[in-house]
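Inspection log for the structure reproduced underneath, given as structure tokens.
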Amino acid sequence: MTMPMPQIEPGARPVLVAGGAGMIGHHLCRHLMAKGFPVVCLDNLSTGHRENIASWDGNPDFRFVEGDVVDGLAGTFAGVFNLASPAAPDHYLIDPVRTLRTNVMGTLAMLEVARRSECVFVQASTSEIYGDPDRHPQSEDYLGAVNPVGPRACYNEGKRAAEALTRDFRRQYGVETRIVRIFNTYGEGSRSDDGRVIPNFVQQALRGEPITIYGDGRQTRSYCHVDDLVEGLLRLFSTPGTIEDPVNIGNPGEITVAELAEKILALTESDAGIDYRALPQDDPKRRCPDIGRAQALLGWSPRISLDEGLMRTINWWRRKNAEVPASQIAGQG
């Protein structure tokens, strides 16, 4: 069942999507406009991609602002989604200080926009706040097992601090805030240098290269297609009443990384095999959401099977790669 969305009258205030040119962000912008919301997309294009939103140039319901989330944005809005942050380790580890600054100071700036606008604020947090968990699956009341001085801390602790800021704006200023903890998400629109598992595996398989697995491949993940995720974000935004506590959004279907690699090899009809390498520090061994809260509060569960979502993603990469010379397609590195 699809949740009813707030009605938007002509000339009504737009919804602000910070990080709206990213993989998740541009799908969120598309779904918002399809439901009648004018959208303002704020993105500095450090990890977002201009081509993700280029088709909306000239659309009166869409406006792109190239800028840094830390600097805030003038105007008032009907809602604010804060998705602005590098999310892949290959990106957030390039400049860890900037990553931490974006997640803390950028969230503070977007909360001020929501406070000024007197609108709902949705903070995109992450399953990374659970660290390398010793509880499985992870429910929202689990406080996590995070290394606060490890190489991934710029992202993990940045998101944890952003959650604290979000709750404090609710307590201190009465801002209607919502926190979503996003688990592994995949789908159409990823960057070629994204660095995460599914984009890497699909690209390597399509090039006929051995798929690179870090560790022994027995670590598990659960993968949610971006369309399912966005439906969860929209329900969290539009559900009436108070939702103070964080809500996990992800697919609880667990699979080992090795099983995922074999599945992608089969779906791409590749016989390139697998190349095993050393596991990075603080890489979690198991990651799977308890989505009971999302089911109870939002009536949300993922609908797209892994096989269906992977085929959508594989076909998108096939079309994408056909448009780009092979010499310009980035590898995993």
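Chains: A, B, ... in order of the structure tokens. Residues: from 1 per chain. Ligands: from 1, in order shown.
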Per-residue DSSP, segment 90-300 of chain A, filtered to strand (DSSP E), as a ChimeraX atom specification: /A:120-126,177-182,185-186,211-214,220-222,224-225,247-249,254-256,274-277
Output the selection as a PDB file, in the first residue's frame - C-alpha atoms for each residue.
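Writing the result to out03.pdb gives the following:
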```pdb
ATOM      1  CA  VAL A 120       9.939  18.204   8.469  1.00  0.00           C
ATOM      2  CA  PHE A 121      13.648  17.369   8.427  1.00  0.00           C
ATOM      3  CA  VAL A 122      14.850  13.900   7.359  1.00  0.00           C
ATOM      4  CA  GLN A 123      18.419  13.011   8.275  1.00  0.00           C
ATOM      5  CA  ALA A 124      19.995  10.250   6.207  1.00  0.00           C
ATOM      6  CA  SER A 125      22.052   8.249   8.654  1.00  0.00           C
ATOM      7  CA  THR A 126      23.634   4.888   7.983  1.00  0.00           C
ATOM      8  CA  THR A 177      12.909  15.580  12.725  1.00  0.00           C
ATOM      9  CA  ARG A 178      13.113  12.050  11.335  1.00  0.00           C
ATOM     10  CA  ILE A 179      16.241   9.860  11.235  1.00  0.00           C
ATOM     11  CA  VAL A 180      16.637   7.027   8.739  1.00  0.00           C
ATOM     12  CA  ARG A 181      19.465   4.511   9.049  1.00  0.00           C
ATOM     13  CA  ILE A 182      20.161   3.396   5.503  1.00  0.00           C
ATOM     14  CA  THR A 185      21.665   0.278  -1.212  1.00  0.00           C
ATOM     15  CA  TYR A 186      22.340  -0.348  -4.886  1.00  0.00           C
ATOM     16  CA  ILE A 211      35.695 -10.186  -9.222  1.00  0.00           C
ATOM     17  CA  THR A 212      37.726  -8.795  -6.321  1.00  0.00           C
ATOM     18  CA  ILE A 213      36.637  -9.908  -2.844  1.00  0.00           C
ATOM     19  CA  TYR A 214      38.333  -8.509   0.241  1.00  0.00           C
ATOM     20  CA  THR A 220      27.448 -10.937   4.958  1.00  0.00           C
ATOM     21  CA  ARG A 221      25.516  -7.955   3.695  1.00  0.00           C
ATOM     22  CA  SER A 222      21.891  -7.234   2.820  1.00  0.00           C
ATOM     23  CA  CYS A 224      18.144  -2.940  -0.869  1.00  0.00           C
ATOM     24  CA  HIS A 225      17.268  -1.638  -4.328  1.00  0.00           C
ATOM     25  CA  VAL A 247      14.206   3.914  11.642  1.00  0.00           C
ATOM     26  CA  ASN A 248      16.185   1.260   9.774  1.00  0.00           C
ATOM     27  CA  ILE A 249      15.493   1.090   6.049  1.00  0.00           C
ATOM     28  CA  GLU A 254      21.201 -11.662   4.018  1.00  0.00           C
ATOM     29  CA  ILE A 255      23.813 -12.989   1.587  1.00  0.00           C
ATOM     30  CA  THR A 256      27.550 -13.610   1.829  1.00  0.00           C
ATOM     31  CA  ILE A 274      37.053 -14.444  -8.135  1.00  0.00           C
ATOM     32  CA  ASP A 275      40.236 -12.790  -6.838  1.00  0.00           C
ATOM     33  CA  TYR A 276      40.539 -12.814  -3.011  1.00  0.00           C
ATOM     34  CA  ARG A 277      42.511 -10.064  -1.243  1.00  0.00           C
TER      35      ARG A 277
END
```
Spatial neighbours of Leu143 of chain A, max dist 10 Å, only C-alpha atoms, sep filter under 4 positions, as a list in words: Ile129, Tyr130, Gly131, Pro133, Arg135, Gln138 and Ser139 of chain A
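Rounded to one decimal, atom CA of Ser238 of chain A and atom CA of Gly106 of chain A lie 23.2 Å from each other.
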Could you pull the residues within 12 Å of segment 309-326 of chain A, counting only C-alpha atoms, minus those fewer than 5 positions along the same chain, as an mmCIF file with all heavy atoms, in the first residue's frame?
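See part31.cif below for the written result:
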```cif
data_model
loop_
_atom_site.group_PDB
_atom_site.id
_atom_site.type_symbol
_atom_site.label_atom_id
_atom_site.label_comp_id
_atom_site.auth_asym_id
_atom_site.auth_seq_id
_atom_site.Cartn_x
_atom_site.Cartn_y
_atom_site.Cartn_z
ATOM 1 N N GLU A 51 25.240 14.507 -14.496
ATOM 2 C CA GLU A 51 24.428 13.811 -15.494
ATOM 3 C C GLU A 51 23.211 13.131 -14.874
ATOM 4 O O GLU A 51 22.228 12.857 -15.568
ATOM 5 C CB GLU A 51 25.262 12.789 -16.257
ATOM 6 C CG GLU A 51 25.724 11.598 -15.462
ATOM 7 C CD GLU A 51 26.570 10.655 -16.287
ATOM 8 O OE1 GLU A 51 27.715 11.008 -16.616
ATOM 9 O OE2 GLU A 51 26.075 9.565 -16.604
ATOM 10 N N THR A 185 22.609 -0.053 -0.142
ATOM 11 C CA THR A 185 21.665 0.278 -1.212
ATOM 12 C C THR A 185 22.393 0.239 -2.551
ATOM 13 O O THR A 185 23.551 0.653 -2.649
ATOM 14 C CB THR A 185 21.063 1.663 -0.979
ATOM 15 O OG1 THR A 185 20.405 1.693 0.297
ATOM 16 C CG2 THR A 185 20.065 2.022 -2.060
ATOM 17 N N TYR A 186 21.732 -0.251 -3.563
ATOM 18 C CA TYR A 186 22.340 -0.348 -4.886
ATOM 19 C C TYR A 186 21.283 0.003 -5.926
ATOM 20 O O TYR A 186 20.096 0.129 -5.619
ATOM 21 C CB TYR A 186 22.860 -1.767 -5.135
ATOM 22 C CG TYR A 186 21.747 -2.780 -5.329
ATOM 23 C CD1 TYR A 186 21.367 -3.189 -6.604
ATOM 24 C CD2 TYR A 186 21.040 -3.295 -4.240
ATOM 25 C CE1 TYR A 186 20.321 -4.102 -6.781
ATOM 26 C CE2 TYR A 186 20.002 -4.196 -4.408
ATOM 27 C CZ TYR A 186 19.651 -4.591 -5.680
ATOM 28 O OH TYR A 186 18.622 -5.469 -5.845
ATOM 29 N N GLY A 187 21.738 0.159 -7.161
ATOM 30 C CA GLY A 187 20.791 0.416 -8.236
ATOM 31 C C GLY A 187 21.403 1.266 -9.327
ATOM 32 O O GLY A 187 22.609 1.535 -9.351
ATOM 33 N N GLU A 188 20.543 1.728 -10.214
ATOM 34 C CA GLU A 188 20.966 2.503 -11.357
ATOM 35 C C GLU A 188 21.440 3.889 -10.905
ATOM 36 O O GLU A 188 20.873 4.482 -10.014
ATOM 37 C CB GLU A 188 19.812 2.646 -12.341
ATOM 38 C CG GLU A 188 19.204 1.319 -12.783
ATOM 39 C CD GLU A 188 18.102 0.785 -11.881
ATOM 40 O OE1 GLU A 188 18.201 0.930 -10.639
ATOM 41 O OE2 GLU A 188 17.132 0.211 -12.420
ATOM 42 N N GLY A 189 22.500 4.394 -11.552
ATOM 43 C CA GLY A 189 22.960 5.744 -11.276
ATOM 44 C C GLY A 189 24.213 5.839 -10.443
ATOM 45 O O GLY A 189 24.611 6.939 -10.065
ATOM 46 N N SER A 190 24.861 4.714 -10.138
ATOM 47 C CA SER A 190 26.113 4.762 -9.391
ATOM 48 C C SER A 190 27.238 5.329 -10.251
ATOM 49 O O SER A 190 27.217 5.223 -11.483
ATOM 50 C CB SER A 190 26.509 3.363 -8.916
ATOM 51 O OG SER A 190 25.596 2.852 -7.992
ATOM 52 N N ARG A 191 28.246 5.872 -9.592
ATOM 53 C CA ARG A 191 29.448 6.311 -10.290
ATOM 54 C C ARG A 191 30.291 5.092 -10.670
ATOM 55 O O ARG A 191 30.274 4.068 -10.004
ATOM 56 C CB ARG A 191 30.279 7.232 -9.397
ATOM 57 C CG ARG A 191 29.683 8.596 -9.178
ATOM 58 C CD ARG A 191 30.428 9.324 -8.072
ATOM 59 N NE ARG A 191 31.856 9.414 -8.341
ATOM 60 C CZ ARG A 191 32.536 10.558 -8.452
ATOM 61 N NH1 ARG A 191 31.901 11.706 -8.323
ATOM 62 N NH2 ARG A 191 33.833 10.562 -8.654
ATOM 63 N N SER A 192 31.077 5.236 -11.736
ATOM 64 C CA SER A 192 31.949 4.141 -12.145
ATOM 65 C C SER A 192 33.051 3.894 -11.128
ATOM 66 O O SER A 192 33.575 2.779 -11.027
ATOM 67 C CB SER A 192 32.564 4.432 -13.519
ATOM 68 O OG SER A 192 33.320 5.626 -13.479
ATOM 69 N N ILE A 198 28.511 -3.899 -5.090
ATOM 70 C CA ILE A 198 27.740 -4.240 -6.293
ATOM 71 C C ILE A 198 28.230 -3.488 -7.528
ATOM 72 O O ILE A 198 28.439 -4.113 -8.578
ATOM 73 C CB ILE A 198 26.230 -4.060 -6.041
ATOM 74 C CG1 ILE A 198 25.738 -5.188 -5.107
ATOM 75 C CG2 ILE A 198 25.444 -4.055 -7.350
ATOM 76 C CD1 ILE A 198 24.264 -5.156 -4.776
ATOM 77 N N PRO A 199 28.449 -2.165 -7.490
ATOM 78 C CA PRO A 199 29.000 -1.517 -8.691
ATOM 79 C C PRO A 199 30.331 -2.125 -9.130
ATOM 80 O O PRO A 199 30.570 -2.320 -10.326
ATOM 81 C CB PRO A 199 29.155 -0.053 -8.265
ATOM 82 C CG PRO A 199 28.180 0.129 -7.161
ATOM 83 C CD PRO A 199 28.143 -1.179 -6.434
ATOM 84 N N ASN A 200 31.206 -2.429 -8.151
ATOM 85 C CA ASN A 200 32.493 -3.036 -8.510
ATOM 86 C C ASN A 200 32.316 -4.396 -9.155
ATOM 87 O O ASN A 200 32.893 -4.691 -10.213
ATOM 88 C CB ASN A 200 33.353 -3.198 -7.249
ATOM 89 C CG ASN A 200 33.976 -1.893 -6.802
ATOM 90 O OD1 ASN A 200 33.780 -0.862 -7.414
ATOM 91 N ND2 ASN A 200 34.725 -1.964 -5.718
ATOM 92 N N PHE A 201 31.509 -5.244 -8.508
ATOM 93 C CA PHE A 201 31.333 -6.607 -9.011
ATOM 94 C C PHE A 201 30.721 -6.597 -10.414
ATOM 95 O O PHE A 201 31.151 -7.348 -11.296
ATOM 96 C CB PHE A 201 30.436 -7.417 -8.069
ATOM 97 C CG PHE A 201 31.097 -7.858 -6.781
ATOM 98 C CD1 PHE A 201 32.356 -7.403 -6.416
ATOM 99 C CD2 PHE A 201 30.449 -8.747 -5.930
ATOM 100 C CE1 PHE A 201 32.954 -7.807 -5.229
ATOM 101 C CE2 PHE A 201 31.038 -9.171 -4.751
ATOM 102 C CZ PHE A 201 32.295 -8.703 -4.396
ATOM 103 N N VAL A 202 29.693 -5.774 -10.609
ATOM 104 C CA VAL A 202 29.018 -5.743 -11.911
ATOM 105 C C VAL A 202 29.974 -5.264 -12.995
ATOM 106 O O VAL A 202 30.060 -5.870 -14.078
ATOM 107 C CB VAL A 202 27.763 -4.853 -11.844
ATOM 108 C CG1 VAL A 202 27.209 -4.601 -13.247
ATOM 109 C CG2 VAL A 202 26.695 -5.498 -10.962
ATOM 110 N N GLN A 203 30.708 -4.194 -12.735
ATOM 111 C CA GLN A 203 31.619 -3.679 -13.750
ATOM 112 C C GLN A 203 32.715 -4.685 -14.079
ATOM 113 O O GLN A 203 33.060 -4.890 -15.252
ATOM 114 C CB GLN A 203 32.241 -2.369 -13.273
ATOM 115 C CG GLN A 203 31.251 -1.212 -13.229
ATOM 116 C CD GLN A 203 31.953 0.057 -12.815
ATOM 117 O OE1 GLN A 203 32.432 0.817 -13.661
ATOM 118 N NE2 GLN A 203 32.034 0.290 -11.516
ATOM 119 N N GLN A 204 33.287 -5.327 -13.046
ATOM 120 C CA GLN A 204 34.331 -6.303 -13.305
ATOM 121 C C GLN A 204 33.791 -7.484 -14.115
ATOM 122 O O GLN A 204 34.440 -7.949 -15.061
ATOM 123 C CB GLN A 204 34.926 -6.788 -11.980
ATOM 124 C CG GLN A 204 35.793 -5.741 -11.294
ATOM 125 C CD GLN A 204 36.357 -6.232 -9.970
ATOM 126 O OE1 GLN A 204 35.641 -6.799 -9.159
ATOM 127 N NE2 GLN A 204 37.642 -6.018 -9.768
ATOM 128 N N ALA A 205 32.604 -7.964 -13.760
ATOM 129 C CA ALA A 205 32.016 -9.090 -14.484
ATOM 130 C C ALA A 205 31.746 -8.730 -15.938
ATOM 131 O O ALA A 205 32.005 -9.527 -16.853
ATOM 132 C CB ALA A 205 30.728 -9.541 -13.791
ATOM 133 N N LEU A 206 31.225 -7.530 -16.175
ATOM 134 C CA LEU A 206 30.920 -7.119 -17.550
ATOM 135 C C LEU A 206 32.191 -6.936 -18.374
ATOM 136 O O LEU A 206 32.164 -7.090 -19.600
ATOM 137 C CB LEU A 206 30.109 -5.824 -17.545
ATOM 138 C CG LEU A 206 28.670 -5.941 -17.030
ATOM 139 C CD1 LEU A 206 28.000 -4.573 -17.001
ATOM 140 C CD2 LEU A 206 27.858 -6.910 -17.881
ATOM 141 N N ARG A 207 33.306 -6.601 -17.718
ATOM 142 C CA ARG A 207 34.578 -6.476 -18.435
ATOM 143 C C ARG A 207 35.303 -7.810 -18.578
ATOM 144 O O ARG A 207 36.383 -7.876 -19.169
ATOM 145 C CB ARG A 207 35.490 -5.481 -17.717
ATOM 146 C CG ARG A 207 35.015 -4.046 -17.763
ATOM 147 C CD ARG A 207 36.138 -3.089 -17.388
ATOM 148 N NE ARG A 207 36.608 -3.289 -16.020
ATOM 149 C CZ ARG A 207 36.167 -2.625 -14.953
ATOM 150 N NH1 ARG A 207 35.206 -1.719 -15.103
ATOM 151 N NH2 ARG A 207 36.661 -2.851 -13.766
ATOM 152 N N TYR A 223 21.146 -6.232 0.754
ATOM 153 C CA TYR A 223 21.134 -5.205 -0.289
ATOM 154 C C TYR A 223 19.707 -4.807 -0.645
ATOM 155 O O TYR A 223 18.885 -5.648 -0.990
ATOM 156 C CB TYR A 223 21.875 -5.704 -1.529
ATOM 157 C CG TYR A 223 23.344 -5.941 -1.262
ATOM 158 C CD1 TYR A 223 23.813 -7.216 -0.979
ATOM 159 C CD2 TYR A 223 24.241 -4.887 -1.260
ATOM 160 C CE1 TYR A 223 25.157 -7.436 -0.709
ATOM 161 C CE2 TYR A 223 25.575 -5.094 -0.997
ATOM 162 C CZ TYR A 223 26.040 -6.365 -0.721
ATOM 163 O OH TYR A 223 27.365 -6.580 -0.445
ATOM 164 N N CYS A 224 19.468 -3.502 -0.585
ATOM 165 C CA CYS A 224 18.144 -2.940 -0.869
ATOM 166 C C CYS A 224 18.216 -2.144 -2.167
ATOM 167 O O CYS A 224 19.095 -1.274 -2.316
ATOM 168 C CB CYS A 224 17.711 -2.043 0.296
ATOM 169 S SG CYS A 224 16.046 -1.370 0.149
ATOM 170 N N HIS A 225 17.295 -2.426 -3.096
ATOM 171 C CA HIS A 225 17.268 -1.638 -4.328
ATOM 172 C C HIS A 225 16.842 -0.209 -4.020
ATOM 173 O O HIS A 225 16.005 0.044 -3.147
ATOM 174 C CB HIS A 225 16.317 -2.266 -5.356
ATOM 175 C CG HIS A 225 16.419 -1.622 -6.700
ATOM 176 N ND1 HIS A 225 15.629 -0.548 -7.059
ATOM 177 C CD2 HIS A 225 17.238 -1.874 -7.763
ATOM 178 C CE1 HIS A 225 15.942 -0.175 -8.292
ATOM 179 N NE2 HIS A 225 16.911 -0.963 -8.736
ATOM 180 N N VAL A 226 17.410 0.734 -4.761
ATOM 181 C CA VAL A 226 17.204 2.154 -4.460
ATOM 182 C C VAL A 226 15.731 2.559 -4.535
ATOM 183 O O VAL A 226 15.282 3.427 -3.777
ATOM 184 C CB VAL A 226 18.075 3.026 -5.376
ATOM 185 C CG1 VAL A 226 17.654 2.909 -6.839
ATOM 186 C CG2 VAL A 226 18.082 4.474 -4.916
ATOM 187 N N ASP A 227 14.934 1.941 -5.411
ATOM 188 C CA ASP A 227 13.520 2.308 -5.492
ATOM 189 C C ASP A 227 12.775 1.926 -4.209
ATOM 190 O O ASP A 227 11.893 2.664 -3.743
ATOM 191 C CB ASP A 227 12.858 1.652 -6.701
ATOM 192 C CG ASP A 227 13.199 2.357 -8.010
ATOM 193 O OD1 ASP A 227 13.750 3.473 -7.959
ATOM 194 O OD2 ASP A 227 12.924 1.785 -9.076
ATOM 195 N N ASP A 228 13.110 0.775 -3.635
ATOM 196 C CA ASP A 228 12.518 0.406 -2.349
ATOM 197 C C ASP A 228 12.949 1.377 -1.259
ATOM 198 O O ASP A 228 12.143 1.804 -0.426
ATOM 199 C CB ASP A 228 12.947 -1.017 -1.953
ATOM 200 C CG ASP A 228 12.106 -2.098 -2.615
ATOM 201 O OD1 ASP A 228 10.954 -1.810 -2.990
ATOM 202 O OD2 ASP A 228 12.597 -3.230 -2.744
ATOM 203 N N ASN A 251 17.043 -4.014 3.261
ATOM 204 C CA ASN A 251 16.479 -5.324 2.936
ATOM 205 C C ASN A 251 17.074 -6.361 3.881
ATOM 206 O O ASN A 251 18.290 -6.518 3.929
ATOM 207 C CB ASN A 251 16.787 -5.681 1.490
ATOM 208 C CG ASN A 251 15.995 -6.870 1.004
ATOM 209 O OD1 ASN A 251 15.814 -7.846 1.717
ATOM 210 N ND2 ASN A 251 15.513 -6.789 -0.234
ATOM 211 N N LEU A 260 27.147 -13.421 -3.381
ATOM 212 C CA LEU A 260 26.769 -12.310 -4.256
ATOM 213 C C LEU A 260 27.638 -12.297 -5.505
ATOM 214 O O LEU A 260 27.134 -12.105 -6.622
ATOM 215 C CB LEU A 260 26.910 -10.989 -3.501
ATOM 216 C CG LEU A 260 26.635 -9.732 -4.322
ATOM 217 C CD1 LEU A 260 25.158 -9.636 -4.693
ATOM 218 C CD2 LEU A 260 27.058 -8.477 -3.552
ATOM 219 N N ALA A 261 28.934 -12.509 -5.347
ATOM 220 C CA ALA A 261 29.829 -12.530 -6.505
ATOM 221 C C ALA A 261 29.435 -13.639 -7.482
ATOM 222 O O ALA A 261 29.384 -13.418 -8.696
ATOM 223 C CB ALA A 261 31.271 -12.707 -6.036
ATOM 224 N N LYS A 263 26.513 -14.951 -7.847
ATOM 225 C CA LYS A 263 25.232 -14.591 -8.456
ATOM 226 C C LYS A 263 25.440 -13.606 -9.605
ATOM 227 O O LYS A 263 24.841 -13.741 -10.692
ATOM 228 C CB LYS A 263 24.301 -13.991 -7.395
ATOM 229 C CG LYS A 263 22.905 -13.666 -7.901
ATOM 230 C CD LYS A 263 22.044 -13.073 -6.797
ATOM 231 C CE LYS A 263 21.620 -14.109 -5.791
ATOM 232 N NZ LYS A 263 20.606 -15.050 -6.367
ATOM 233 N N ILE A 264 26.305 -12.621 -9.405
ATOM 234 C CA ILE A 264 26.554 -11.619 -10.444
ATOM 235 C C ILE A 264 27.296 -12.246 -11.621
ATOM 236 O O ILE A 264 27.009 -11.939 -12.793
ATOM 237 C CB ILE A 264 27.320 -10.419 -9.851
ATOM 238 C CG1 ILE A 264 26.372 -9.613 -8.949
ATOM 239 C CG2 ILE A 264 27.898 -9.529 -10.947
ATOM 240 C CD1 ILE A 264 27.027 -8.486 -8.187
ATOM 241 N N LEU A 265 28.225 -13.145 -11.344
ATOM 242 C CA LEU A 265 28.890 -13.849 -12.442
ATOM 243 C C LEU A 265 27.871 -14.619 -13.282
ATOM 244 O O LEU A 265 27.935 -14.620 -14.515
ATOM 245 C CB LEU A 265 29.947 -14.803 -11.884
ATOM 246 C CG LEU A 265 31.225 -14.161 -11.330
ATOM 247 C CD1 LEU A 265 32.073 -15.202 -10.610
ATOM 248 C CD2 LEU A 265 32.038 -13.488 -12.436
ATOM 249 N N ALA A 266 26.907 -15.267 -12.611
ATOM 250 C CA ALA A 266 25.894 -16.032 -13.337
ATOM 251 C C ALA A 266 24.976 -15.122 -14.136
ATOM 252 O O ALA A 266 24.673 -15.395 -15.312
ATOM 253 C CB ALA A 266 25.076 -16.876 -12.353
ATOM 254 N N LEU A 267 24.520 -14.021 -13.536
ATOM 255 C CA LEU A 267 23.591 -13.126 -14.222
ATOM 256 C C LEU A 267 24.237 -12.416 -15.402
ATOM 257 O O LEU A 267 23.564 -12.068 -16.376
ATOM 258 C CB LEU A 267 23.032 -12.094 -13.232
ATOM 259 C CG LEU A 267 22.075 -12.638 -12.160
ATOM 260 C CD1 LEU A 267 21.754 -11.562 -11.131
ATOM 261 C CD2 LEU A 267 20.792 -13.161 -12.788
ATOM 262 N N THR A 268 25.553 -12.167 -15.329
ATOM 263 C CA THR A 268 26.262 -11.516 -16.438
ATOM 264 C C THR A 268 26.854 -12.535 -17.402
ATOM 265 O O THR A 268 27.476 -12.151 -18.401
ATOM 266 C CB THR A 268 27.388 -10.614 -15.910
ATOM 267 O OG1 THR A 268 28.277 -11.400 -15.099
ATOM 268 C CG2 THR A 268 26.837 -9.450 -15.108
ATOM 269 N N GLU A 269 26.686 -13.831 -17.102
ATOM 270 C CA GLU A 269 27.222 -14.925 -17.923
ATOM 271 C C GLU A 269 28.734 -14.787 -18.085
ATOM 272 O O GLU A 269 29.296 -15.001 -19.163
ATOM 273 C CB GLU A 269 26.525 -14.980 -19.281
ATOM 274 C CG GLU A 269 25.018 -15.202 -19.161
ATOM 275 C CD GLU A 269 24.315 -15.253 -20.498
ATOM 276 O OE1 GLU A 269 24.854 -14.712 -21.494
ATOM 277 O OE2 GLU A 269 23.221 -15.835 -20.573
ATOM 278 N N PRO A 302 10.639 -3.998 1.766
ATOM 279 C CA PRO A 302 11.156 -4.010 0.395
ATOM 280 C C PRO A 302 10.377 -4.985 -0.478
ATOM 281 O O PRO A 302 9.934 -6.033 -0.007
ATOM 282 C CB PRO A 302 12.621 -4.447 0.569
ATOM 283 C CG PRO A 302 12.641 -5.190 1.866
ATOM 284 C CD PRO A 302 11.616 -4.531 2.738
ATOM 285 N N ARG A 303 10.221 -4.644 -1.751
ATOM 286 C CA ARG A 303 9.436 -5.462 -2.676
ATOM 287 C C ARG A 303 10.271 -6.037 -3.818
ATOM 288 O O ARG A 303 9.870 -7.012 -4.439
ATOM 289 C CB ARG A 303 8.296 -4.625 -3.270
ATOM 290 C CG ARG A 303 7.287 -4.136 -2.235
ATOM 291 C CD ARG A 303 6.205 -3.282 -2.889
ATOM 292 N NE ARG A 303 5.203 -2.840 -1.920
ATOM 293 C CZ ARG A 303 4.143 -3.551 -1.554
ATOM 294 N NH1 ARG A 303 3.946 -4.748 -2.081
ATOM 295 N NH2 ARG A 303 3.282 -3.078 -0.672
ATOM 296 N N ILE A 304 11.403 -5.422 -4.113
ATOM 297 C CA ILE A 304 12.195 -5.813 -5.282
ATOM 298 C C ILE A 304 13.189 -6.896 -4.862
ATOM 299 O O ILE A 304 14.016 -6.678 -3.972
ATOM 300 C CB ILE A 304 12.921 -4.595 -5.874
ATOM 301 C CG1 ILE A 304 11.893 -3.556 -6.336
ATOM 302 C CG2 ILE A 304 13.832 -5.009 -7.027
ATOM 303 C CD1 ILE A 304 12.495 -2.228 -6.733
ATOM 304 N N GLY A 331 38.191 1.148 -13.062
ATOM 305 C CA GLY A 331 38.183 -0.133 -12.375
ATOM 306 C C GLY A 331 38.039 0.075 -10.890
ATOM 307 O O GLY A 331 37.907 1.200 -10.402
#
```
Set out as a tab-separated table a contact list for segment 137-175 of chain A and segment 107-111 of chain A with a cut-off of 10 Å, giving each residue of segment 137-175 of chain A that qualifies its closest atom pair and distance in Å to one decimal, counting only C-alpha atoms, ordered by chain and rising residue number.
```
residue	atom	partner	partner_atom	distance
A:Gly158	CA	A:Thr107	CA	9.7
A:Lys159	CA	A:Thr107	CA	9.3
A:Ala161	CA	A:Thr107	CA	9.3
A:Ala162	CA	A:Thr107	CA	6.1
A:Glu163	CA	A:Thr107	CA	8.9
A:Leu165	CA	A:Leu108	CA	7.0
A:Thr166	CA	A:Leu111	CA	7.2
A:Phe169	CA	A:Leu111	CA	7.3
A:Arg170	CA	A:Leu111	CA	9.7
A:Val175	CA	A:Leu111	CA	8.2
```
All alpha helix (DSSP H) residues (DSSP, backbone) inside segment 166-267 of chain A, as a PyMOL selection string: chain A and resi 166-173+197-206+226-238+257-267
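Minimum atom-to-atom distance to Gln295 of chain A, evaluated using only C-alpha atoms, belongs to A:Gly250 out of A:Pro148, A:Pro89, A:Gly250, A:Gly36.
With only C-alpha atoms as the atoms that count, the minimum distance from Ser270 of chain A to the choices A:Glu231, A:Asp193, A:Glu209, A:Glu244 is reached by A:Glu209.
Across the model, the gap from atom CA of Pro86 of chain A to atom CA of Trp300 of chain A is 26.2 Å.
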Selection near Ile94 of chain A, 12 Å with only C-alpha atoms, sequence-local residues under 2 positions removed, as JSON, numbers by chain: {"A": [46, 47, 86, 87, 88, 89, 90, 91, 92, 96, 97, 98, 99, 100, 151, 152, 154, 155]}
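Straight-line separation from atom CA of Asn103 of chain A to atom CA of Pro137 of chain A: 25.5 Å.
Closest to Ala294 of chain A among A:Gly253, A:Gly48, A:Pro246, A:Gly208 is A:Pro246, based on only C-alpha atoms.
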